[in-house]
Amino acid sequence: MRFHLPKGMARAGTLAVALALPLAFVTPAQADPDPTALARSVKAKPVVRHLEAFQRIADANGGTRASGTPGYDASRDYVAGKLRQAGYKVTIQPFEFPFFMQNSTATMQRISPDPRTYTPTPPDGSVVGEFATMTYSGAGDVTATVQDVDLQIPPPAQPGSTSGCEPADFAGFTPGNIALIQRGSCDFRVKAENAQAAGAAGVIIFNEGQEGRTATLQGTLGVPTVTIPVVGTGFEIGAELAATTSVVRLATDTESETRTTYNVIADSRSGNPGNVVMFGAHLDSVTAGPGINDNGTGSAGILETALLMAKLPTVNKLRFAWWGAEELNLIGSEYYVANLPAAERAKIKLYLNFDMIGSPNYAYKIYDGDDSDATGAPAGPPGSDEIEATFERYFDALRLPHGGTDFDGRSDYGPFIEAGIPSGGLFTGAEGVKTEEEAAKYGGTAGAAYDPCYHRACDTIDNVSTEALLVNTGAIVHSAVAYAYDRSLPGGTTVRTNAGAPLQLRGAPYHGHNHQVSR
């Protein structure tokens, strides 16, 4: 991979030059070590070597580092080994999770009347076809008559179809048929489980039909309880199948089961254990690819920061976390937060998250802790505004442009925010499209995705902007030094109203990392 360093850094070829400026803006009251000396100890190659290691691991394990696969376990061992060598107290936290993988592209064909083959959505989701395999669909190859289940065509004015939501909807259903069900008021899992219990050989769930609810349905069943093929499609195709007695072939090649994966947690040996400064990045990729930008970059950035900070006698305890199963709805970080005793949660004064910090068509995005952008989610817990300001000072010191990004719940800060812990972090963009304004601000290509290989097999080491990676790694180190020696942390005096209460996380229907919906 070629290095693309910002002007003024290129001749040095090291991260030291990139970091020297921002670290110099941490005042002696905040950072007892000499920031310039610390900056000189950092070089670009170690950060990139972590990415190269993740790429080798993926190459040796079927092209993926997804949780529940050997590629993830090898990534876990790589990170844990580096941390143990550096002297950290490392905890490997196991947890069970619902694993899902598509081994090949699904098939949906109308055999009669008027034979037709529908365009599939491939496993990597690179294009959206006329139908999509639902996450946690079972596997199978069935050809059967399609039977309607309590449909409302034309659809009601407001969403709310109850098609398939009750076992009684399947009264008179012929076992062995394929159930045709309409999206509506209950979870897809409920619809599919009811169909399976009624003897359906497969399930087609089509979009409900109101404005904004007509396109190909990309959904998740949430858990691996269904063993028959389940696919989603658009309203037009659903209505077409409902208009006549059709025979359809459904074929899905999936693995859907409960597996065990792991979080990696590393605590510094020094620092006040009552004041924990926490950094996190998800370690897993999607099953479709090696995940070098998403999220090898964040994992490498915090790993190199941890190695740099290992020998420093910090005032506050540093904790670094690599999360498993983020790509299946933040499962690892949710498990960690939900299983922390209240007293331990209260010790975490802030959480910083780094997910996709080297997108090739990048923008420098800082999580909007104070909701100054007035977009989407409200402000983070008290103290999140201070975290945002810390990152802003870093980019301002380098005279680099930056912007806000919403706390939209798509990464591992979500459980920490729900627990009332001040949070922040960095992001360089995923499948969203760079605007003309952003192209003028950051360079790159307007009208193109920040990461054209998002969740695809091409998310390799060649899919990383080294410039963005280096700048953002500098920001991680800057924040680590600042908060390691900060005697007045953003969350240090916050009284959290839920500090002693059991956590009930993720109560809303899932809108996950793949924009899948659960109902």
# chains A, B, ... in the order shown; residues from 1 in each chain; ligands from 1

$ select_by_dssp --residues "segment 238-298 of chain A" --states "strand (DSSP E)" --output "ChimeraX atom specification"
/A:247-252,254-267,272-282

$ write_last_selection --atoms "N, CA and C atoms" --output "PDB file, in the first residue's frame"
ATOM      1  N   VAL A 247     -46.116 -20.791  -8.425  1.00  0.00           N
ATOM      2  CA  VAL A 247     -45.149 -21.766  -7.912  1.00  0.00           C
ATOM      3  C   VAL A 247     -43.769 -21.119  -7.984  1.00  0.00           C
ATOM      4  N   VAL A 248     -43.092 -21.125  -6.867  1.00  0.00           N
ATOM      5  CA  VAL A 248     -41.817 -20.414  -6.748  1.00  0.00           C
ATOM      6  C   VAL A 248     -40.759 -21.348  -6.195  1.00  0.00           C
ATOM      7  N   ARG A 249     -39.540 -21.152  -6.698  1.00  0.00           N
ATOM      8  CA  ARG A 249     -38.374 -21.828  -6.112  1.00  0.00           C
ATOM      9  C   ARG A 249     -37.607 -20.830  -5.260  1.00  0.00           C
ATOM     10  N   LEU A 250     -37.323 -21.199  -4.022  1.00  0.00           N
ATOM     11  CA  LEU A 250     -36.465 -20.435  -3.115  1.00  0.00           C
ATOM     12  C   LEU A 250     -35.277 -21.299  -2.737  1.00  0.00           C
ATOM     13  N   ALA A 251     -34.057 -20.747  -2.868  1.00  0.00           N
ATOM     14  CA  ALA A 251     -32.849 -21.477  -2.474  1.00  0.00           C
ATOM     15  C   ALA A 251     -31.919 -20.529  -1.728  1.00  0.00           C
ATOM     16  N   THR A 252     -31.630 -20.864  -0.487  1.00  0.00           N
ATOM     17  CA  THR A 252     -30.695 -20.079   0.323  1.00  0.00           C
ATOM     18  C   THR A 252     -29.632 -21.013   0.890  1.00  0.00           C
ATOM     19  N   THR A 254     -27.072 -20.812   3.730  1.00  0.00           N
ATOM     20  CA  THR A 254     -26.702 -20.001   4.882  1.00  0.00           C
ATOM     21  C   THR A 254     -26.207 -20.864   6.036  1.00  0.00           C
ATOM     22  N   GLU A 255     -25.482 -20.227   6.937  1.00  0.00           N
ATOM     23  CA  GLU A 255     -25.169 -20.798   8.244  1.00  0.00           C
ATOM     24  C   GLU A 255     -25.773 -19.861   9.283  1.00  0.00           C
ATOM     25  N   SER A 256     -26.634 -20.380  10.129  1.00  0.00           N
ATOM     26  CA  SER A 256     -27.351 -19.563  11.101  1.00  0.00           C
ATOM     27  C   SER A 256     -27.438 -20.354  12.401  1.00  0.00           C
ATOM     28  N   GLU A 257     -26.648 -19.938  13.391  1.00  0.00           N
ATOM     29  CA  GLU A 257     -26.564 -20.707  14.627  1.00  0.00           C
ATOM     30  C   GLU A 257     -25.935 -19.855  15.725  1.00  0.00           C
ATOM     31  N   THR A 258     -26.025 -20.320  16.949  1.00  0.00           N
ATOM     32  CA  THR A 258     -25.391 -19.642  18.071  1.00  0.00           C
ATOM     33  C   THR A 258     -23.933 -20.081  18.166  1.00  0.00           C
ATOM     34  N   ARG A 259     -23.027 -19.091  18.221  1.00  0.00           N
ATOM     35  CA  ARG A 259     -21.602 -19.373  18.373  1.00  0.00           C
ATOM     36  C   ARG A 259     -21.042 -18.518  19.513  1.00  0.00           C
ATOM     37  N   THR A 260     -19.788 -18.774  19.840  1.00  0.00           N
ATOM     38  CA  THR A 260     -19.099 -17.995  20.867  1.00  0.00           C
ATOM     39  C   THR A 260     -18.043 -17.123  20.216  1.00  0.00           C
ATOM     40  N   THR A 261     -17.993 -15.870  20.636  1.00  0.00           N
ATOM     41  CA  THR A 261     -16.922 -14.979  20.216  1.00  0.00           C
ATOM     42  C   THR A 261     -16.437 -14.212  21.437  1.00  0.00           C
ATOM     43  N   TYR A 262     -15.625 -13.162  21.225  1.00  0.00           N
ATOM     44  CA  TYR A 262     -14.889 -12.595  22.347  1.00  0.00           C
ATOM     45  C   TYR A 262     -14.694 -11.088  22.196  1.00  0.00           C
ATOM     46  N   ASN A 263     -14.682 -10.407  23.346  1.00  0.00           N
ATOM     47  CA  ASN A 263     -14.124  -9.069  23.460  1.00  0.00           C
ATOM     48  C   ASN A 263     -12.714  -9.186  24.021  1.00  0.00           C
ATOM     49  N   VAL A 264     -11.845  -8.261  23.631  1.00  0.00           N
ATOM     50  CA  VAL A 264     -10.498  -8.164  24.213  1.00  0.00           C
ATOM     51  C   VAL A 264     -10.443  -6.857  25.003  1.00  0.00           C
ATOM     52  N   ILE A 265     -10.156  -6.948  26.295  1.00  0.00           N
ATOM     53  CA  ILE A 265     -10.107  -5.778  27.173  1.00  0.00           C
ATOM     54  C   ILE A 265      -8.715  -5.688  27.776  1.00  0.00           C
ATOM     55  N   ALA A 266      -8.098  -4.520  27.703  1.00  0.00           N
ATOM     56  CA  ALA A 266      -6.745  -4.331  28.234  1.00  0.00           C
ATOM     57  C   ALA A 266      -6.721  -3.133  29.160  1.00  0.00           C
ATOM     58  N   ASP A 267      -6.277  -3.348  30.396  1.00  0.00           N
ATOM     59  CA  ASP A 267      -6.161  -2.276  31.390  1.00  0.00           C
ATOM     60  C   ASP A 267      -4.699  -1.926  31.624  1.00  0.00           C
ATOM     61  N   ASN A 272      -5.376   5.695  38.422  1.00  0.00           N
ATOM     62  CA  ASN A 272      -6.435   5.570  39.421  1.00  0.00           C
ATOM     63  C   ASN A 272      -7.540   4.658  38.895  1.00  0.00           C
ATOM     64  N   PRO A 273      -7.791   3.493  39.518  1.00  0.00           N
ATOM     65  CA  PRO A 273      -8.823   2.583  39.010  1.00  0.00           C
ATOM     66  C   PRO A 273     -10.237   3.138  39.145  1.00  0.00           C
ATOM     67  N   GLY A 274     -10.386   4.214  39.910  1.00  0.00           N
ATOM     68  CA  GLY A 274     -11.690   4.856  40.025  1.00  0.00           C
ATOM     69  C   GLY A 274     -11.966   5.852  38.927  1.00  0.00           C
ATOM     70  N   ASN A 275     -10.939   6.156  38.115  1.00  0.00           N
ATOM     71  CA  ASN A 275     -11.080   7.064  36.973  1.00  0.00           C
ATOM     72  C   ASN A 275     -10.594   6.349  35.719  1.00  0.00           C
ATOM     73  N   VAL A 276     -11.497   5.689  35.029  1.00  0.00           N
ATOM     74  CA  VAL A 276     -11.137   4.901  33.847  1.00  0.00           C
ATOM     75  C   VAL A 276     -11.450   5.691  32.590  1.00  0.00           C
ATOM     76  N   VAL A 277     -10.444   5.844  31.745  1.00  0.00           N
ATOM     77  CA  VAL A 277     -10.592   6.454  30.421  1.00  0.00           C
ATOM     78  C   VAL A 277     -10.573   5.315  29.413  1.00  0.00           C
ATOM     79  N   MET A 278     -11.647   5.167  28.650  1.00  0.00           N
ATOM     80  CA  MET A 278     -11.805   3.967  27.828  1.00  0.00           C
ATOM     81  C   MET A 278     -11.827   4.294  26.341  1.00  0.00           C
ATOM     82  N   PHE A 279     -11.146   3.448  25.577  1.00  0.00           N
ATOM     83  CA  PHE A 279     -11.063   3.561  24.122  1.00  0.00           C
ATOM     84  C   PHE A 279     -11.575   2.252  23.530  1.00  0.00           C
ATOM     85  N   GLY A 280     -12.307   2.330  22.424  1.00  0.00           N
ATOM     86  CA  GLY A 280     -12.826   1.106  21.838  1.00  0.00           C
ATOM     87  C   GLY A 280     -12.907   1.151  20.325  1.00  0.00           C
ATOM     88  N   ALA A 281     -12.822  -0.043  19.729  1.00  0.00           N
ATOM     89  CA  ALA A 281     -12.984  -0.219  18.284  1.00  0.00           C
ATOM     90  C   ALA A 281     -13.439  -1.652  18.055  1.00  0.00           C
ATOM     91  N   HIS A 282     -14.318  -1.859  17.096  1.00  0.00           N
ATOM     92  CA  HIS A 282     -14.709  -3.255  16.867  1.00  0.00           C
ATOM     93  C   HIS A 282     -13.661  -3.949  16.020  1.00  0.00           C
TER      94      HIS A 282
END

$ residues_around --residues "Gly429 of chain A" --least-positions-apart "5" --cutoff "10 Å" --atoms "only C-alpha atoms" --output "ChimeraX atom specification"
/A:355-365,405,434,449-451,454

$ write_last_selection --atoms "N, CA and C atoms" --output "compact mmCIF listing (two decimals), in the first residue's frame"
# COMPACT_ATOMS: atom_id res chain seq x y z
N ASP A 355 -14.25 3.96 14.63
CA ASP A 355 -14.80 3.01 13.68
C ASP A 355 -14.65 3.60 12.28
N MET A 356 -13.82 2.93 11.46
CA MET A 356 -13.57 3.38 10.08
C MET A 356 -12.88 4.74 10.07
N ILE A 357 -11.60 4.76 10.39
CA ILE A 357 -10.86 6.02 10.46
C ILE A 357 -9.88 6.19 9.29
N GLY A 358 -10.04 5.37 8.24
CA GLY A 358 -9.17 5.49 7.08
C GLY A 358 -9.90 5.32 5.77
N SER A 359 -11.13 5.81 5.68
CA SER A 359 -11.90 5.64 4.44
C SER A 359 -11.19 6.32 3.27
N PRO A 360 -11.18 5.68 2.10
CA PRO A 360 -10.39 6.21 0.98
C PRO A 360 -10.89 7.56 0.46
N ASN A 361 -12.19 7.82 0.55
CA ASN A 361 -12.75 9.11 0.13
C ASN A 361 -13.22 9.85 1.38
N TYR A 362 -12.30 10.03 2.31
CA TYR A 362 -12.61 10.38 3.69
C TYR A 362 -13.11 11.81 3.89
N ALA A 363 -13.79 11.96 5.00
CA ALA A 363 -14.04 13.27 5.62
C ALA A 363 -13.70 13.11 7.09
N TYR A 364 -13.17 14.14 7.71
CA TYR A 364 -12.83 14.08 9.13
C TYR A 364 -14.07 14.43 9.95
N LYS A 365 -14.66 13.40 10.54
CA LYS A 365 -15.93 13.56 11.25
C LYS A 365 -15.72 13.29 12.73
N THR A 405 -20.58 14.52 13.14
CA THR A 405 -21.35 13.36 12.68
C THR A 405 -22.26 12.93 13.82
N LYS A 434 -20.20 11.49 -0.45
CA LYS A 434 -19.54 12.78 -0.18
C LYS A 434 -20.20 13.89 -0.98
N ALA A 449 -19.10 7.37 -2.77
CA ALA A 449 -19.14 6.92 -1.38
C ALA A 449 -17.82 7.24 -0.67
N TYR A 450 -17.91 7.50 0.62
CA TYR A 450 -16.69 7.67 1.41
C TYR A 450 -15.85 6.39 1.34
N ASP A 451 -16.52 5.25 1.37
CA ASP A 451 -15.84 3.96 1.27
C ASP A 451 -16.60 3.09 0.27
N TYR A 454 -17.30 -0.59 1.31
CA TYR A 454 -17.94 -0.82 2.59
C TYR A 454 -18.69 -2.15 2.60

$ closest_residue --among "A:Tyr78, A:Tyr367, A:Phe173, A:Phe95" --to "Tyr351 of chain A" --atoms "only C-alpha atoms"
A:Tyr367

$ atom_distance --atom1 "atom CA of Ile92 of chain A" --atom2 "atom CA of Ala321 of chain A"
10.0 Å

$ residues_around --residues "segment 218-232 of chain A" --least-positions-apart "3" --cutoff "8 Å" --atoms "only C-alpha atoms" --output "ChimeraX atom specification"
/A:98-100,131-141,187-189,192-193,196,200-207,250-252,256-258,515-519

$ closest_residue --among "A:Val190, A:Val315, A:Val128, A:Leu489" --to "Thr233 of chain A" --atoms "only C-alpha atoms"
A:Val128

$ residues_around --residues "Ala374 of chain A" --least-positions-apart "3" --cutoff "12 Å" --atoms "only C-alpha atoms" --output "mmCIF file with N, CA and C atoms, in the first residue's frame"
data_model
loop_
_atom_site.group_PDB
_atom_site.id
_atom_site.type_symbol
_atom_site.label_atom_id
_atom_site.label_comp_id
_atom_site.auth_asym_id
_atom_site.auth_seq_id
_atom_site.Cartn_x
_atom_site.Cartn_y
_atom_site.Cartn_z
ATOM 1 N N ASP A 368 -20.857 14.367 17.313
ATOM 2 C CA ASP A 368 -21.438 15.643 17.730
ATOM 3 C C ASP A 368 -21.955 15.542 19.163
ATOM 4 N N GLY A 369 -21.051 15.701 20.111
ATOM 5 C CA GLY A 369 -21.396 15.508 21.511
ATOM 6 C C GLY A 369 -22.338 16.537 22.069
ATOM 7 N N ASP A 370 -22.356 17.753 21.497
ATOM 8 C CA ASP A 370 -23.215 18.813 22.034
ATOM 9 C C ASP A 370 -24.456 19.062 21.181
ATOM 10 N N ASP A 371 -24.627 18.262 20.122
ATOM 11 C CA ASP A 371 -25.753 18.408 19.187
ATOM 12 C C ASP A 371 -25.789 19.793 18.560
ATOM 13 N N ALA A 377 -29.907 12.408 16.420
ATOM 14 C CA ALA A 377 -29.973 12.124 17.848
ATOM 15 C C ALA A 377 -29.634 13.365 18.669
ATOM 16 N N PRO A 378 -30.115 13.415 19.908
ATOM 17 C CA PRO A 378 -29.776 14.552 20.773
ATOM 18 C C PRO A 378 -28.325 14.490 21.221
ATOM 19 N N ALA A 379 -27.913 15.463 22.017
ATOM 20 C CA ALA A 379 -26.549 15.506 22.546
ATOM 21 C C ALA A 379 -26.260 14.256 23.370
ATOM 22 N N GLY A 404 -19.006 17.599 12.039
ATOM 23 C CA GLY A 404 -19.687 16.742 12.999
ATOM 24 C C GLY A 404 -20.319 15.540 12.328
ATOM 25 N N THR A 405 -20.582 14.517 13.136
ATOM 26 C CA THR A 405 -21.354 13.362 12.680
ATOM 27 C C THR A 405 -22.263 12.931 13.816
ATOM 28 N N ASP A 406 -23.433 12.498 13.459
ATOM 29 C CA ASP A 406 -24.471 12.246 14.451
ATOM 30 C C ASP A 406 -24.196 10.976 15.249
ATOM 31 N N PHE A 407 -24.599 10.987 16.513
ATOM 32 C CA PHE A 407 -24.657 9.763 17.314
ATOM 33 C C PHE A 407 -25.875 8.962 16.835
#

$ residues_around --residues "Gln55 of chain A" --least-positions-apart "5" --cutoff "7 Å" --atoms "only C-alpha atoms" --output "PyMOL selection string"
chain A and resi 290+292+460-461

$ residues_around --residues "Asp59 of chain A" --least-positions-apart "2" --cutoff "12 Å" --atoms "only C-alpha atoms" --output "PyMOL selection string"
chain A and resi 52-57+61-65+70-72+74-75+289-292+457+460-461

$ atom_distance --atom1 "atom CA of Glu386 of chain A" --atom2 "atom CA of Pro490 of chain A"
6.3 Å

$ closest_residue --among "A:Thr390, A:Ala343, A:Ile421, A:Leu303" --to "Val47 of chain A" --atoms "only C-alpha atoms"
A:Leu303
